[in-house]
Protein chains: 2
Amino acid sequence: MKSALGLVEACNLIQNKQLTAEEFLEQCVERANQIEPVLKAFTIRATLSTLQQRSGVGPLMGIPVAVKDLIATKDFVTTNGSPIYKDFTPAEDASIVQKVKKLGGVVFGKTVTTEFAWRHAGPTTNPWNSAHTPGGSSSGSAAAVAGGIVPLALGSQTAGSIIRPATFCGIVGFKASFGAVPRVGVHPVSDSLDHIGFLTRSVKDAVYAFNLLRNTATDEDDSIVLPELILSPISEVLGNQKPRIAILQTPFDDLLSDEQKDIMQTATRLLKASGASIEELTLPQTYWDGIEALAVLMACEAAVVHEKHLKQFPELLGADMKELIQKGMAYSASDYIKAKNLQMKLRRGIGEYFQRFDSILTAAATGEAPKGLDFTGNPIFCSLWSFIGTPAIALPVNKSRNGLPLGIQLIGNYKEDEKLVNMAAFAEECFKALGN
Amino acid sequence: MKSALGLVEACNLIQNKQLTAEEFLEQCVERANQIEPVLKAFTIRATLSTLQQRSGVGPLMGIPVAVKDLIATKDFVTTNGSPIYKDFTPAEDASIVQKVKKLGGVVFGKTVTTEFAWRHAGPTTNPWNSAHTPGGSSSGSAAAVAGGIVPLALGSQTAGSIIRPATFCGIVGFKASFGAVPRVGVHPVSDSLDHIGFLTRSVKDAVYAFNLLRNTATDEDDSIVLPELILSPISEVLGNQKPRIAILQTPFDDLLSDEQKDIMQTATRLLKASGASIEELTLPQTYWDGIEALAVLMACEAAVVHEKHLKQFPELLGADMKELIQKGMAYSASDYIKAKNLQMKLRRGIGEYFQRFDSILTAAATGEAPKGLDFTGNPIFCSLWSFIGTPAIALPVNKSRNGLPLGIQLIGNYKEDEKLVNMAAFAEECFKALGN
């Protein structure tokens with residue numbers, strides 16, 4: 001899998017005419033034909049000739065992008081992972097898909113998502129071991145990139161749906177600060193929490209994708225506009241200060257597997273060896289209350305989104321979805337507003353910690369990808385950062401005894417995405433010492 | 001009242017040393033001493049010597065600003081119009097008060113607000129006839145400016161609390177697009193609806209105040225940052241197109257007094273005579289659903305804000321407040337989210353109408369200020385614009401047979417405040433033909 005071209009690498013080769021768009025697309029389709037029978041990352045794919053016809057001109061010329069099937073595409077059925085939408089083709093592409101196309105990129109196909117990006121899993125397998133889940137809800141997006149089919153996939157995260165599958169599949173997952181990436185045309189889980197993000201095989205690739213596809217001043221009103229992120233040597237970014245990394249202690253650390261604990265110590269050791277200063281960090285209980293508040297926001301907002309589905313197609317909704325909707329319907333407006341208020345409070349408050357630390361390091365999952373395809377894993381190590389809206393990036397570190405990926409995530413301050421991606425590039429370089 | 005100096009006029013005289021800060025402050029205090037016994041615009045005022053000491057250096061040097069008593073001031077008790085806070089002095093000034101001070105301005109005193117900016121009225125009287133309400137909730141702010149005490153007052157509007165008292169008092173009231181003016185340190189009524197705005201005696205003065213006191217990039221996160229508004233001849237603003245004004249038909253037009261209907265026809269005639277094109281506009285029912293949705297947002301958010309007051313000081317809350325809180329507590333999260341969703345939908349949707357019109361003209365109130373001080377008037381002609389968050393400006397047009405002011409408001413597109421204030425300056429000039 002490691003031999004597949006990365007996004008920046010492929011873009012450079014194509015732009016410099018050392019590789020044609022047609023050739024690259026052909027390689028990607030060949031790879032897909034080879035592994036898709038087991039991987040099952042895609043719900044639908046374009047044929048090679050269609051891809052070659054659709055590839056445009058621009059910085060993403062010849063780049064096939066896998067698009068989570070929660071994101072509207074007018075050229076493909078968009079199922080949202082639900083039988084309710086099994087024949088639904090949107091009239092318009094989601095804004096981010098429009099951006100991909102405008103830049104010359106081409107939608108390779110739609111990737112499997114859990115039902116409405118909630119729990120009920122699809123058929124995708126983990127590219128490292130098909131008996132294990134790839135994680136979810138961006139299951140197919142993570143698997144397609146990790147399997148070497150495409151160099152870039154679009155995913156979405158409401159609690160842990162980019163970071164966790166990226167970690168389970170051993171790739172990079174990046175969700176920028178809340179609101180920085182366009183969401184118009186993406187089926188909502190929860191407006192207050194939904195992030196669109198990128199699955200790639202390196203930090204550099206994630207940054208490249210972000211810069212091309214982020215919100216700009218002409219995008220939707222409720223977005224934030226971040227400047228282009230620039231990767232530089234960490235000493236320049238930090239003005240020759242040591243990188244200061246906080247190792248977060250959480251109330252759920254007893255959920256971590258021994259291997260996950262080991263990998264975090266390994267990561268810490270490698271970062272230290274490269275000059276980082278490391279300190280443990282605990283957060284006040286009010287932060288951890290954010291996990292429950294996230295559940296309130298998600299249930300309440302999902303209840304409104306899915307009211308019509310529950311009314312019209314009760315038999316086509318999974319039990320997990322119904323439970324979420326019914327839970328959401330039972331909350332009062334006060335419950336909801338208090339959860340929103342906490343979100344805003346923590347978004348402002350977290351900045352305090354980023355005065356003492358350049359980045360927070362925490363587990364992205366409890367350990368390797370669980371066996372079986374039904375349970376996509378526990379998102380609890382991602383939830384707080386989805387709630388607060390701080391940028392997060394998943395980095396692979398090593399493999400488990402079972403040969404499955406293990407990793408960590410780094411968190412940055414809200415709207416300070418540039419520092420985060422630079423810290424991540426530094427960490428990625430450190431982890432290379434393990435020879436993966 | 002007309003002889004009092006306007007904001008820009010006073011600033012210019014002081015900056016050009018034709019008037020000293022001390023002299024101007026003395027004039028203002030004298031005026032206050034003269035009319036306050038009947039007007040009762042202020043809950044508390046600084047003495048002349050204190051004002052003279054506190055006046056700073058900057059564009060607002062020597063300018064006394066009246067501050068609604070819902071806005072935190074560390075130099076004055078801030079009652080929020082409630083006996084619960086009768087002895088409460090905040091530790092910090094609200095951001096907008098900090099801005100006033102930084103620019104050399106001085107807080108003249110705190111102005112009467114209804115209880116927590118909701119219904120229960122204070123003692124302020126209308127400067128044109130003390131048997132009539134000045135409107136609310138920014139009662140004292142409107143009265144202080146209309147009475148010629150200060151050239152600028154800060155108010156807040158959740159439904160109609162700037163525009164309506166401005167109209168009842170015959171002055172200009174300006175609430176910019178939602179989020180454009182700092183709110184930190186203002187006691188909330190409803191986060192989704194609260195606007196801070198300006199009461200002045202001319203459009204030019206309102207624009208001047210906005211430019212100095214608006215949010216900038218370093219202000220709170222959930223704000224929007226509008227550029228400086230520039231007043232220019234309307235022909236330049238519109239590129240030599242005729243000003244296109246929509247006269248809005250509302251479902252509540254039968255609430256308008258005959259005099260109010262006449263004044264709107266007079267306004268229309270004057271605008272037409274100055275070259276404006278006038279058309280009638282009706283809005284789809286979904287817009288008018290916004291009025292009920294505003295009531296939902298306000299009740300739900302107020303319920304959370306006032307939960308502690310209801311628990312700790314039930315005997316100190318007015319019956320109207322209690323009713324609002326209890327109403328808010330009864331709504332479900334779904335009710336609230338649907339109201340929020342409608343708000344966002346209309347904020348995006350209203351732009352369609354501003355492609356056909358440069359401004360919407362509508363009543364600001366049902367007619368002249370009602371007799372008596374208990375009822376501050378019906379906000380229904382303002383509510384929709386508070387809900388959507390579009391900028392609105394109240395303009396006086398003429399007097400009623402009772403000698404009370406009558407006016408209209410102009411509405412602009414969300415974030416297109418510059419066009420609105422230019423349209424308002426054009427209209428203000430047209431209305432001068434009446435010789436007021």
# chains A, B, ... in the order shown; residues from 1 in each chain; ligands from 1
call {"tool": "residues_around", "arguments": {"residues": "Leu434 in chain B", "least_positions_apart": "4", "cutoff": "12 Å", "atoms": "only C-alpha atoms", "output": "list in words"}}
result
Ile263, Thr266, Ala267, Arg269, Leu270, Pro396, Val397, Asn398, Lys399, Glu428, Glu429 and Cys430 of chain B
call {"tool": "residues_around", "arguments": {"residues": "Leu248 in chain B", "least_positions_apart": "4", "cutoff": "9 Å", "atoms": "only C-alpha atoms", "output": "tab-separated table (two decimals) with N, CA and C atoms, in the first residue's frame"}}
result
chain	number	residue	atom	x	y	z
B	279	GLU	N	-42.25	50.42	-5.24
B	279	GLU	CA	-43.12	49.29	-5.58
B	279	GLU	C	-43.62	48.64	-4.30
B	280	GLU	N	-44.78	48.04	-4.37
B	280	GLU	CA	-45.26	47.31	-3.21
B	280	GLU	C	-44.62	45.93	-3.19
B	281	LEU	N	-44.41	45.42	-1.98
B	281	LEU	CA	-43.79	44.11	-1.82
B	281	LEU	C	-44.60	43.29	-0.83
B	282	THR	N	-44.88	42.06	-1.19
B	282	THR	CA	-45.42	41.12	-0.20
B	282	THR	C	-44.40	40.00	-0.05
B	283	LEU	N	-44.34	39.44	1.12
B	283	LEU	CA	-43.40	38.34	1.39
B	283	LEU	C	-44.20	37.05	1.59
B	360	ILE	N	-36.10	48.16	1.86
B	360	ILE	CA	-37.51	47.91	2.16
B	360	ILE	C	-37.96	48.96	3.17
B	361	LEU	N	-39.10	49.58	2.88
B	361	LEU	CA	-39.66	50.58	3.80
B	361	LEU	C	-40.87	49.96	4.49
B	362	THR	N	-40.89	50.09	5.80
B	362	THR	CA	-42.02	49.56	6.57
B	362	THR	C	-42.25	50.43	7.79
B	363	ALA	N	-43.41	50.30	8.38
B	363	ALA	CA	-43.67	51.01	9.63
B	363	ALA	C	-42.69	50.51	10.69
call {"tool": "select_by_dssp", "arguments": {"residues": "range 301-425 of chain A", "states": "alpha helix (DSSP H)", "output": "PyMOL selection string"}}
result
chain A and resi 301-312+319-330+333-349+353-356+380-388+417-425
call {"tool": "residues_around", "arguments": {"residues": "Ile393 in chain A", "least_positions_apart": "5", "cutoff": "7 Å", "atoms": "only C-alpha atoms", "output": "ChimeraX atom specification"}}
result
/A:163,172-175,409-411
call {"tool": "interface_residues", "arguments": {"of": "chain A", "to": "chain B", "cutoff": "8 Å", "atoms": "only C-alpha atoms", "output": "JSON, numbers by chain"}}
result
{"A": [300, 301, 303, 304, 328, 329, 330, 331, 332, 333, 334, 335, 336, 337, 338]}
call {"tool": "residues_around", "arguments": {"residues": "Gly197 in chain B", "least_positions_apart": "2", "cutoff": "8 Å", "atoms": "only C-alpha atoms", "output": "MDAnalysis selection string"}}
result
chainID B and resid 154:157 162 173:176 181 195 199 210
call {"tool": "closest_residue", "arguments": {"among": "A:Lys327, A:Arg183, A:Arg201, A:His309", "to": "Ala166 in chain A", "atoms": "only C-alpha atoms"}}
result
A:Arg201
call {"tool": "decode", "arguments": {"residues": "range 309-344 of chain B", "atoms": "C-alpha atoms", "output": "short mmCIF file (atom, residue, chain, number, x, y, z; two decimals), in the first residue's frame"}}
result
data_model
loop_
_atom_site.label_atom_id
_atom_site.label_comp_id
_atom_site.auth_asym_id
_atom_site.auth_seq_id
_atom_site.Cartn_x
_atom_site.Cartn_y
_atom_site.Cartn_z
CA HIS B 309 -33.13 34.39 38.80
CA LEU B 310 -36.36 32.43 38.96
CA LYS B 311 -34.80 29.99 41.40
CA GLN B 312 -33.13 32.52 43.68
CA PHE B 313 -35.31 35.61 43.48
CA PRO B 314 -38.79 34.60 42.33
CA GLU B 315 -40.32 37.50 44.27
CA LEU B 316 -38.12 40.02 42.48
CA LEU B 317 -39.14 39.01 38.97
CA GLY B 318 -42.05 40.72 37.26
CA ALA B 319 -45.04 38.69 36.13
CA ASP B 320 -44.15 39.28 32.46
CA MET B 321 -40.66 37.90 33.00
CA LYS B 322 -41.95 34.84 34.79
CA GLU B 323 -44.40 34.17 32.00
CA LEU B 324 -41.62 34.44 29.42
CA ILE B 325 -39.36 32.07 31.35
CA GLN B 326 -42.08 29.51 31.89
CA LYS B 327 -43.06 29.64 28.26
CA GLY B 328 -39.44 29.07 27.31
CA MET B 329 -39.04 26.11 29.63
CA ALA B 330 -41.93 24.33 27.96
CA TYR B 331 -40.47 24.24 24.47
CA SER B 332 -38.70 21.15 23.18
CA ALA B 333 -35.25 21.15 21.64
CA SER B 334 -36.90 20.43 18.29
CA ASP B 335 -39.10 23.54 18.55
CA TYR B 336 -36.03 25.60 19.23
CA ILE B 337 -33.89 24.11 16.47
CA LYS B 338 -36.66 24.57 13.93
CA ALA B 339 -36.89 28.24 14.86
CA LYS B 340 -33.10 28.57 14.49
CA ASN B 341 -33.21 26.80 11.15
CA LEU B 342 -35.90 29.16 9.92
CA GLN B 343 -33.78 32.11 11.02
CA MET B 344 -30.83 30.89 8.95
#
